[in-house]
$ cat input06.csv   # CSV, C-alpha atoms
chain,number,residue,atom,x,y,z
J,1,MET,CA,5.2,-49.8,-4.6
J,2,GLU,CA,3.9,-46.2,-4.4
J,3,ALA,CA,1.8,-47.1,-1.4
J,4,GLU,CA,4.8,-48.5,0.3
J,5,GLU,CA,6.8,-45.3,-0.4
J,6,GLN,CA,3.9,-43.2,1.0
J,7,SER,CA,3.9,-45.3,4.2
J,8,GLU,CA,7.6,-44.7,4.6
J,9,TRP,CA,7.7,-41.0,3.8
J,10,GLY,CA,4.8,-39.9,6.0
J,11,PRO,CA,6.3,-41.0,9.3
J,12,LYS,CA,9.7,-39.8,8.1
J,13,ALA,CA,8.4,-36.3,7.5
J,14,TRP,CA,6.6,-36.3,10.8
J,15,ALA,CA,9.8,-37.4,12.6
J,16,TYR,CA,11.7,-34.4,11.0
J,17,LEU,CA,9.0,-31.9,12.0
J,18,SER,CA,8.9,-33.4,15.5
J,19,SER,CA,12.6,-33.1,15.9
J,20,VAL,CA,12.6,-29.5,14.8
J,21,ARG,CA,9.8,-28.8,17.4
J,22,LYS,CA,11.8,-30.6,20.2
J,23,GLN,CA,15.2,-29.2,19.4
J,24,SER,CA,14.3,-25.7,18.1
J,25,PRO,CA,17.4,-25.4,16.0
J,26,LEU,CA,19.0,-22.0,15.7
J,27,ILE,CA,18.9,-21.0,12.0
J,28,GLN,CA,21.0,-18.0,10.8
J,29,CYS,CA,19.2,-16.4,7.8
J,30,ILE,CA,21.1,-14.1,5.5
J,31,THR,CA,18.1,-13.4,3.2
J,32,ASN,CA,16.5,-10.7,1.1
J,33,PHE,CA,14.5,-7.8,2.4
J,34,VAL,CA,11.3,-9.1,0.7
J,35,SER,CA,11.4,-12.5,2.5
J,36,MET,CA,12.6,-11.7,6.0
J,37,ASP,CA,9.2,-11.6,7.6
J,38,LEU,CA,7.7,-14.7,6.1
J,39,THR,CA,11.0,-16.6,6.5
J,40,ALA,CA,11.2,-15.8,10.2
J,41,ASN,CA,7.6,-16.6,10.8
J,42,THR,CA,7.8,-19.9,8.9
J,43,LEU,CA,10.7,-21.0,11.0
J,44,LEU,CA,9.0,-19.9,14.2
J,45,SER,CA,5.7,-21.7,13.3
J,46,ALA,CA,7.7,-24.9,12.6
J,47,GLY,CA,9.4,-24.7,16.0
J,48,ALA,CA,12.8,-23.4,14.9
J,49,SER,CA,14.6,-20.3,16.1
J,50,PRO,CA,15.5,-17.8,13.3
J,51,ALA,CA,18.3,-15.3,13.6
J,52,MET,CA,18.3,-12.6,10.9
J,53,LEU,CA,21.9,-11.6,11.2
J,54,HIS,CA,24.1,-10.5,8.3
J,55,SER,CA,26.9,-8.2,9.6
J,56,SER,CA,30.4,-9.3,8.8
J,57,ASN,CA,31.4,-7.9,12.2
J,58,GLU,CA,29.1,-10.4,14.0
J,59,ILE,CA,29.5,-13.5,11.8
J,60,PRO,CA,32.8,-14.8,13.2
J,61,ASP,CA,31.4,-15.0,16.7
J,62,PHE,CA,27.8,-16.0,15.8
J,63,THR,CA,27.9,-18.4,12.8
J,64,PRO,CA,29.9,-21.2,14.4
J,65,GLN,CA,27.3,-21.4,17.2
J,66,VAL,CA,24.2,-21.9,14.9
J,67,HIS,CA,22.7,-25.2,14.0
J,68,ALA,CA,22.3,-24.3,10.3
J,69,LEU,CA,22.9,-21.4,8.0
J,70,TYR,CA,20.5,-20.2,5.2
J,71,ILE,CA,21.8,-17.9,2.5
J,72,ASN,CA,19.4,-16.2,0.0
J,73,VAL,CA,20.7,-13.9,-2.8
J,74,GLY,CA,17.3,-12.3,-3.6
J,75,THR,CA,18.3,-8.7,-3.0
J,76,LEU,CA,22.0,-9.2,-3.6
J,77,SER,CA,24.4,-6.3,-3.2
J,78,ASP,CA,28.1,-5.7,-3.1
J,79,ASN,CA,27.8,-5.0,0.7
J,80,TRP,CA,26.2,-8.3,1.6
J,81,LEU,CA,28.1,-10.7,-0.6
J,82,PRO,CA,31.3,-10.7,1.5
J,83,ALA,CA,29.2,-11.5,4.6
J,84,MET,CA,27.5,-14.4,2.8
J,85,LYS,CA,30.8,-15.8,1.7
J,86,LEU,CA,32.3,-15.5,5.2
J,87,ALA,CA,29.3,-17.1,6.9
J,88,ALA,CA,29.4,-20.0,4.4
J,89,GLU,CA,33.1,-20.5,5.0
J,90,LEU,CA,32.7,-20.6,8.7
J,91,ALA,CA,29.7,-22.9,8.5
J,92,SER,CA,31.7,-25.4,6.4
J,93,LYS,CA,34.7,-25.2,8.7
J,94,SER,CA,32.4,-25.7,11.7
J,95,ASN,CA,30.7,-28.7,10.1
J,96,LYS,CA,27.4,-26.9,10.2
J,97,PRO,CA,25.0,-27.5,7.3
J,98,TRP,CA,24.2,-24.5,5.1
J,99,VAL,CA,21.5,-24.1,2.4
J,100,LEU,CA,21.6,-21.8,-0.6
J,101,ASP,CA,18.7,-20.2,-2.4
J,102,PRO,CA,20.2,-18.9,-5.7
J,103,VAL,CA,17.4,-16.4,-6.5
J,104,ALA,CA,17.4,-15.3,-10.2
J,105,ALA,CA,20.8,-16.9,-10.6
J,106,GLY,CA,20.8,-16.4,-14.4
J,107,ALA,CA,19.5,-12.8,-14.4
J,108,SER,CA,23.0,-11.1,-14.5
J,109,SER,CA,26.6,-12.0,-14.7
J,110,PHE,CA,27.2,-10.5,-11.2
J,111,ARG,CA,24.5,-12.6,-9.7
J,112,LEU,CA,25.6,-15.8,-11.5
J,113,ARG,CA,29.2,-15.3,-10.4
J,114,ALA,CA,28.2,-14.7,-6.8
J,115,CYS,CA,26.1,-17.9,-6.8
J,116,LEU,CA,28.9,-20.0,-8.3
J,117,ASP,CA,31.4,-18.6,-5.8
J,118,LEU,CA,29.0,-19.5,-3.0
J,119,ILE,CA,28.6,-23.0,-4.4
J,120,SER,CA,32.3,-23.5,-4.3
J,121,LEU,CA,32.0,-23.1,-0.5
J,122,LYS,CA,30.1,-26.4,-0.4
J,123,PRO,CA,26.5,-25.9,0.5
J,124,THR,CA,24.6,-28.9,1.9
J,125,VAL,CA,21.5,-28.1,-0.1
J,126,ILE,CA,20.8,-25.9,-3.1
J,127,ARG,CA,17.1,-25.1,-3.6
J,128,GLY,CA,15.9,-23.1,-6.6
J,129,ASN,CA,13.3,-23.0,-9.4
J,130,ALA,CA,14.0,-24.7,-12.7
J,131,SER,CA,15.5,-21.7,-14.5
J,132,GLU,CA,17.8,-21.0,-11.6
J,133,ILE,CA,19.1,-24.6,-11.4
J,134,MET,CA,19.6,-24.7,-15.1
J,135,ALA,CA,21.5,-21.5,-15.1
J,136,LEU,CA,23.8,-22.8,-12.4
J,137,ALA,CA,24.3,-26.2,-14.0
J,138,ASN,CA,25.2,-24.5,-17.3
J,139,ALA,CA,27.1,-21.6,-15.6
J,140,SER,CA,25.4,-19.2,-18.0
J,141,VAL,CA,23.2,-16.1,-18.0
J,142,GLY,CA,20.0,-16.5,-19.9
J,143,SER,CA,16.6,-14.9,-20.6
J,144,THR,CA,14.7,-14.9,-17.3
J,145,LYS,CA,11.4,-13.6,-15.8
J,146,GLY,CA,13.2,-12.1,-12.8
J,147,VAL,CA,12.7,-14.4,-9.8
J,148,ASP,CA,10.0,-16.5,-11.7
J,149,SER,CA,10.9,-19.6,-13.6
J,150,SER,CA,10.6,-19.9,-17.3
J,151,HIS,CA,10.7,-23.7,-17.2
J,152,GLU,CA,8.8,-26.5,-15.5
J,153,SER,CA,10.6,-28.4,-12.7
J,154,ILE,CA,10.7,-31.6,-14.7
J,155,ASP,CA,12.8,-29.8,-17.4
J,156,ALA,CA,15.6,-29.2,-14.9
J,157,VAL,CA,15.9,-32.7,-13.4
J,158,GLU,CA,19.0,-33.6,-15.4
J,159,ALA,CA,20.5,-30.2,-14.7
J,160,ALA,CA,19.9,-30.7,-11.0
J,161,LYS,CA,21.6,-34.1,-11.1
J,162,CYS,CA,24.6,-32.6,-12.9
J,163,LEU,CA,24.8,-29.7,-10.4
J,164,ALA,CA,24.5,-32.2,-7.5
J,165,ASN,CA,27.3,-34.3,-8.8
J,166,SER,CA,29.6,-31.3,-9.5
J,167,SER,CA,28.9,-29.5,-6.2
J,168,GLY,CA,28.4,-32.3,-3.8
J,169,ALA,CA,25.1,-30.7,-2.6
J,170,VAL,CA,21.6,-32.1,-2.6
J,171,VAL,CA,19.7,-30.1,-5.2
J,172,ALA,CA,16.0,-29.3,-5.1
J,173,VAL,CA,14.0,-27.9,-8.0
J,174,SER,CA,10.7,-26.3,-7.0
J,175,GLY,CA,7.7,-26.4,-9.2
J,176,ALA,CA,4.3,-28.2,-9.6
J,177,VAL,CA,6.4,-31.2,-8.4
J,178,ASP,CA,9.4,-30.5,-6.2
J,179,PHE,CA,12.3,-32.7,-7.4
J,180,VAL,CA,15.1,-33.5,-5.0
J,181,THR,CA,18.4,-35.3,-6.1
J,182,ASP,CA,21.8,-36.1,-4.7
J,183,GLY,CA,23.0,-36.8,-8.3
J,184,LYS,CA,21.9,-40.4,-8.3
J,185,ARG,CA,18.5,-40.7,-6.5
J,186,VAL,CA,15.6,-38.5,-7.5
J,187,VAL,CA,12.5,-38.1,-5.4
J,188,GLY,CA,9.4,-35.9,-6.1
J,189,ALA,CA,7.4,-34.1,-3.4
J,190,ARG,CA,3.9,-33.5,-4.8
J,191,ASN,CA,2.3,-31.3,-2.1
J,192,GLY,CA,1.2,-27.7,-2.3
J,193,VAL,CA,-1.4,-25.5,-4.2
J,194,PRO,CA,-0.9,-23.2,-7.1
J,195,MET,CA,-2.0,-20.2,-5.0
J,196,MET,CA,1.2,-20.4,-3.0
J,197,GLN,CA,3.0,-19.0,-6.1
J,198,LYS,CA,0.9,-15.8,-5.7
J,199,ILE,CA,2.5,-15.1,-2.3
J,200,THR,CA,5.9,-13.5,-2.4
J,201,ALA,CA,8.8,-15.3,-0.7
J,202,THR,CA,7.1,-18.7,-0.2
J,203,GLY,CA,10.1,-20.2,-2.0
J,204,CYS,CA,12.5,-18.4,0.2
J,205,ALA,CA,10.5,-19.5,3.3
J,206,VAL,CA,10.5,-23.2,2.3
J,207,THR,CA,14.3,-23.0,1.8
J,208,ALA,CA,14.7,-21.8,5.3
J,209,LEU,CA,12.5,-24.7,6.5
J,210,ILE,CA,14.8,-27.1,4.6
J,211,ALA,CA,17.7,-25.6,6.6
J,212,ALA,CA,15.8,-26.3,9.9
J,213,PHE,CA,15.1,-29.9,8.8
J,214,VAL,CA,18.7,-30.5,7.7
J,215,ALA,CA,19.9,-29.0,11.0
J,216,VAL,CA,18.3,-31.9,12.9
J,217,ASP,CA,19.7,-34.6,10.5
J,218,GLN,CA,22.6,-33.5,8.4
J,219,SER,CA,23.5,-37.1,7.5
J,220,GLN,CA,20.3,-37.5,5.4
J,221,ALA,CA,20.0,-34.2,3.6
J,222,LEU,CA,18.0,-35.6,0.7
J,223,GLU,CA,15.4,-37.0,3.0
J,224,ALA,CA,15.3,-33.9,5.1
J,225,THR,CA,14.9,-31.7,2.1
J,226,ALA,CA,12.1,-33.7,0.5
J,227,SER,CA,10.3,-33.8,3.9
J,228,ALA,CA,10.5,-30.1,4.4
J,229,LEU,CA,9.1,-29.4,0.9
J,230,ALA,CA,6.3,-31.8,1.5
J,231,VAL,CA,5.4,-30.5,4.9
J,232,PHE,CA,5.3,-26.9,3.7
J,233,GLY,CA,3.1,-28.0,0.8
J,234,VAL,CA,0.7,-29.8,3.2
J,235,ALA,CA,0.5,-26.6,5.3
J,236,GLY,CA,-0.4,-24.8,2.1
J,237,GLU,CA,-3.1,-27.3,1.2
J,238,MET,CA,-4.7,-27.1,4.6
J,239,GLY,CA,-4.5,-23.3,4.6
J,240,MET,CA,-6.1,-23.1,1.1
J,241,GLU,CA,-9.1,-25.0,2.5
J,242,ILE,CA,-10.2,-21.9,4.4
J,243,ALA,CA,-8.3,-19.1,2.5
J,244,LYS,CA,-10.0,-16.7,0.1
J,245,GLY,CA,-6.9,-15.5,-1.8
J,246,PRO,CA,-3.2,-15.0,-1.5
J,247,ALA,CA,-3.3,-12.7,1.5
J,248,SER,CA,-5.4,-15.0,3.7
J,249,LEU,CA,-3.5,-18.0,2.5
J,250,ARG,CA,-0.3,-16.5,3.8
J,251,MET,CA,-1.9,-16.2,7.2
J,252,HIS,CA,-3.5,-19.7,7.1
J,253,LEU,CA,-0.3,-21.2,5.8
J,254,ILE,CA,1.6,-20.1,8.9
J,255,ASP,CA,-1.2,-21.2,11.2
J,256,SER,CA,-1.4,-24.6,9.5
J,257,LEU,CA,2.3,-25.2,9.7
J,258,HIS,CA,2.2,-24.4,13.4
J,259,GLY,CA,-0.8,-26.7,14.0
J,260,LEU,CA,0.2,-29.7,11.9
J,261,ASP,CA,-0.3,-33.0,13.7
J,262,GLN,CA,0.9,-36.5,13.1
J,263,SER,CA,-2.2,-37.7,11.4
J,264,ALA,CA,-2.3,-34.8,8.9
J,265,VAL,CA,1.4,-35.2,8.0
J,266,ILE,CA,1.3,-39.0,7.6
J,267,SER,CA,-2.0,-39.0,5.6
J,268,ARG,CA,-1.2,-36.0,3.3
J,269,VAL,CA,2.6,-36.2,2.5
J,270,LYS,CA,3.1,-37.2,-1.1
J,271,ILE,CA,6.7,-38.1,-1.9
J,272,THR,CA,7.6,-40.7,-4.5
J,273,THR,CA,10.8,-42.0,-6.1
J,274,SER,CA,11.1,-40.7,-9.7

$ encode --input "input06.csv" --output "structure tokens"
Amino acid sequence: MEAEEQSEWGPKAWAYLSSVRKQSPLIQCITNFVSMDLTANTLLSAGASPAMLHSSNEIPDFTPQVHALYINVGTLSDNWLPAMKLAAELASKSNKPWVLDPVAAGASSFRLRACLDLISLKPTVIRGNASEIMALANASVGSTKGVDSSHESIDAVEAAKCLANSSGAVVAVSGAVDFVTDGKRVVGARNGVPMMQKITATGCAVTALIAAFVAVDQSQALEATASALAVFGVAGEMGMEIAKGPASLRMHLIDSLHGLDQSAVISRVKITTS
């Protein structure tokens, strides 16, 4: 059965990446200062077109024209939150997919409230680590390690299913295994290398890649999300084969994502039903 699943998911992931390369979807990114560079370069290397635009004065004209919106609350501030909410509202009204990365959602009441308010605006996908997803599902502030998770991804699967059912979003929990659920189905993407956790903003970057994959197939957000996570993980695996540490892995990760071909994706993607 697992072999059958692999034979289905490999071509599916390749189809998503190929569509991104052919269509070059425009992805608006309202993301944190730390992640902007890697996020933009990840989207470019995958074939998408990033737009790092966050002014409330531009959003009414710009956001309805994008193919997907990506919101990341990493360096959240009072000034940026209204723009995030406005962009999310316009994306939803325009029937454009949007993806939320609720960085450190449980670290403060301000941050948790902001994330919950954004979730009320109906994101297509929510991608976070285990601690973030559990904080959102429980709507509670808890002890955290900042942006790092205090839990394994498997610990948050039930919380993810609960959040998916309450929000209507596909929910992804990143970890050693990346779990993706729509509240009923659960799949696990098992690609990547531990060294990727030593590079700041890899989680932010893969969430942007999810937005690009969902942009080319909004009707199958779970499949697009799992495929994006796996493809990014494959690029990390291939980059690690020649990297010497986190700094060189960052470079080779981008290069590998840009150079991924059909045989590499189909042979390396590891996605299974949990």

$ closest_residue --input "input06.csv" --among "J:Arg250, J:His54, J:Lys12, J:His258" --to "Asn32 (chain J)" --atoms "only C-alpha atoms"
J:His54

$ residues_near_point --input "input06.csv" --point "(32.2, -11.3, -5.8)" --cutoff "8 Å" --atoms "only C-alpha atoms" --output "list of chain:residue names"
J:Asp78, J:Leu81, J:Pro82, J:Phe110, J:Arg113, J:Ala114, J:Asp117

$ atom_distance --input "input06.csv" --atom1 "CA of Val269 (chain J)" --atom2 "CA of Ala172 (chain J)"
16.9 Å

$ atom_distance --input "input06.csv" --atom1 "CA of Met251 (chain J)" --atom2 "CA of Ile271 (chain J)"
25.2 Å

$ residues_around --input "input06.csv" --residues "Val206 (chain J)" --least-positions-apart "3" --cutoff "8 Å" --atoms "all atoms listed in the file" --output "list in words"
Thr39, Thr42, Thr202, Gly203, Leu209, Ile210, Ala228, Leu229 and Phe232 of chain J

$ atom_distance --input "input06.csv" --atom1 "CA of Ala264 (chain J)" --atom2 "CA of Val157 (chain J)"
28.9 Å

$ closest_residue --input "input06.csv" --among "J:Asn138, J:Thr124, J:Gln197, J:Thr225" --to "Val173 (chain J)" --atoms "all atoms listed in the file"
J:Thr225

$ residues_near_point --input "input06.csv" --point "(8.4, -12.6, -1.3)" --cutoff "12 Å" --atoms "only C-alpha atoms" --output "list in words"
Thr31, Asn32, Phe33, Val34, Ser35, Met36, Asp37, Leu38, Thr39, Asn72, Gly74, Thr75, Val103, Val147, Asp148, Met196, Gln197, Lys198, Ile199, Thr200, Ala201, Thr202, Gly203, Cys204, Ala205, Val206, Pro246 and Arg250 of chain J

$ write_last_selection --input "input06.csv" --atoms "C-alpha atoms" --output "PDB file, in the frame of the given file"
ATOM      1  CA  THR J  31      18.100 -13.400   3.200  1.00  0.00           C
ATOM      2  CA  ASN J  32      16.500 -10.700   1.100  1.00  0.00           C
ATOM      3  CA  PHE J  33      14.500  -7.800   2.400  1.00  0.00           C
ATOM      4  CA  VAL J  34      11.300  -9.100   0.700  1.00  0.00           C
ATOM      5  CA  SER J  35      11.400 -12.500   2.500  1.00  0.00           C
ATOM      6  CA  MET J  36      12.600 -11.700   6.000  1.00  0.00           C
ATOM      7  CA  ASP J  37       9.200 -11.600   7.600  1.00  0.00           C
ATOM      8  CA  LEU J  38       7.700 -14.700   6.100  1.00  0.00           C
ATOM      9  CA  THR J  39      11.000 -16.600   6.500  1.00  0.00           C
ATOM     10  CA  ASN J  72      19.400 -16.200   0.000  1.00  0.00           C
ATOM     11  CA  GLY J  74      17.300 -12.300  -3.600  1.00  0.00           C
ATOM     12  CA  THR J  75      18.300  -8.700  -3.000  1.00  0.00           C
ATOM     13  CA  VAL J 103      17.400 -16.400  -6.500  1.00  0.00           C
ATOM     14  CA  VAL J 147      12.700 -14.400  -9.800  1.00  0.00           C
ATOM     15  CA  ASP J 148      10.000 -16.500 -11.700  1.00  0.00           C
ATOM     16  CA  MET J 196       1.200 -20.400  -3.000  1.00  0.00           C
ATOM     17  CA  GLN J 197       3.000 -19.000  -6.100  1.00  0.00           C
ATOM     18  CA  LYS J 198       0.900 -15.800  -5.700  1.00  0.00           C
ATOM     19  CA  ILE J 199       2.500 -15.100  -2.300  1.00  0.00           C
ATOM     20  CA  THR J 200       5.900 -13.500  -2.400  1.00  0.00           C
ATOM     21  CA  ALA J 201       8.800 -15.300  -0.700  1.00  0.00           C
ATOM     22  CA  THR J 202       7.100 -18.700  -0.200  1.00  0.00           C
ATOM     23  CA  GLY J 203      10.100 -20.200  -2.000  1.00  0.00           C
ATOM     24  CA  CYS J 204      12.500 -18.400   0.200  1.00  0.00           C
ATOM     25  CA  ALA J 205      10.500 -19.500   3.300  1.00  0.00           C
ATOM     26  CA  VAL J 206      10.500 -23.200   2.300  1.00  0.00           C
ATOM     27  CA  PRO J 246      -3.200 -15.000  -1.500  1.00  0.00           C
ATOM     28  CA  ARG J 250      -0.300 -16.500   3.800  1.00  0.00           C
TER      29      ARG J 250
END

$ closest_residue --input "input06.csv" --among "J:Leu112, J:Ile119, J:Phe62, J:Ala137" --to "Trp98 (chain J)" --atoms "only C-alpha atoms"
J:Ile119

$ build_atoms --input "input06.csv" --residues "region 74-85 of chain J" --atoms "N, CA and C atoms" --output "mmCIF file, in the frame of the given file"
data_model
loop_
_atom_site.group_PDB
_atom_site.id
_atom_site.type_symbol
_atom_site.label_atom_id
_atom_site.label_comp_id
_atom_site.auth_asym_id
_atom_site.auth_seq_id
_atom_site.Cartn_x
_atom_site.Cartn_y
_atom_site.Cartn_z
ATOM 1 N N GLY J 74 18.428 -13.016 -2.983
ATOM 2 C CA GLY J 74 17.300 -12.300 -3.600
ATOM 3 C C GLY J 74 17.628 -10.820 -3.895
ATOM 4 N N THR J 75 17.976 -10.079 -2.851
ATOM 5 C CA THR J 75 18.300 -8.700 -3.000
ATOM 6 C C THR J 75 19.809 -8.486 -2.843
ATOM 7 N N LEU J 76 20.536 -9.139 -3.704
ATOM 8 C CA LEU J 76 22.000 -9.200 -3.600
ATOM 9 C C LEU J 76 22.608 -7.813 -3.801
ATOM 10 N N SER J 77 23.667 -7.530 -3.026
ATOM 11 C CA SER J 77 24.400 -6.300 -3.200
ATOM 12 C C SER J 77 25.877 -6.523 -2.886
ATOM 13 N N ASP J 78 26.690 -5.579 -3.327
ATOM 14 C CA ASP J 78 28.100 -5.700 -3.100
ATOM 15 C C ASP J 78 28.424 -5.715 -1.569
ATOM 16 N N ASN J 79 27.601 -5.044 -0.780
ATOM 17 C CA ASN J 79 27.800 -5.000 0.700
ATOM 18 C C ASN J 79 27.557 -6.295 1.367
ATOM 19 N N TRP J 80 26.569 -7.025 0.877
ATOM 20 C CA TRP J 80 26.200 -8.300 1.600
ATOM 21 C C TRP J 80 26.952 -9.482 1.124
ATOM 22 N N LEU J 81 27.465 -9.479 -0.082
ATOM 23 C CA LEU J 81 28.100 -10.700 -0.600
ATOM 24 C C LEU J 81 29.305 -11.141 0.238
ATOM 25 N N PRO J 82 30.201 -10.259 0.669
ATOM 26 C CA PRO J 82 31.300 -10.700 1.500
ATOM 27 C C PRO J 82 30.829 -11.412 2.804
ATOM 28 N N ALA J 83 29.753 -10.903 3.380
ATOM 29 C CA ALA J 83 29.200 -11.500 4.600
ATOM 30 C C ALA J 83 28.660 -12.907 4.305
ATOM 31 N N MET J 84 28.005 -13.060 3.165
ATOM 32 C CA MET J 84 27.500 -14.400 2.800
ATOM 33 C C MET J 84 28.641 -15.377 2.629
ATOM 34 N N LYS J 85 29.706 -14.947 1.962
ATOM 35 C CA LYS J 85 30.800 -15.800 1.700
ATOM 36 C C LYS J 85 31.521 -16.191 3.067
#
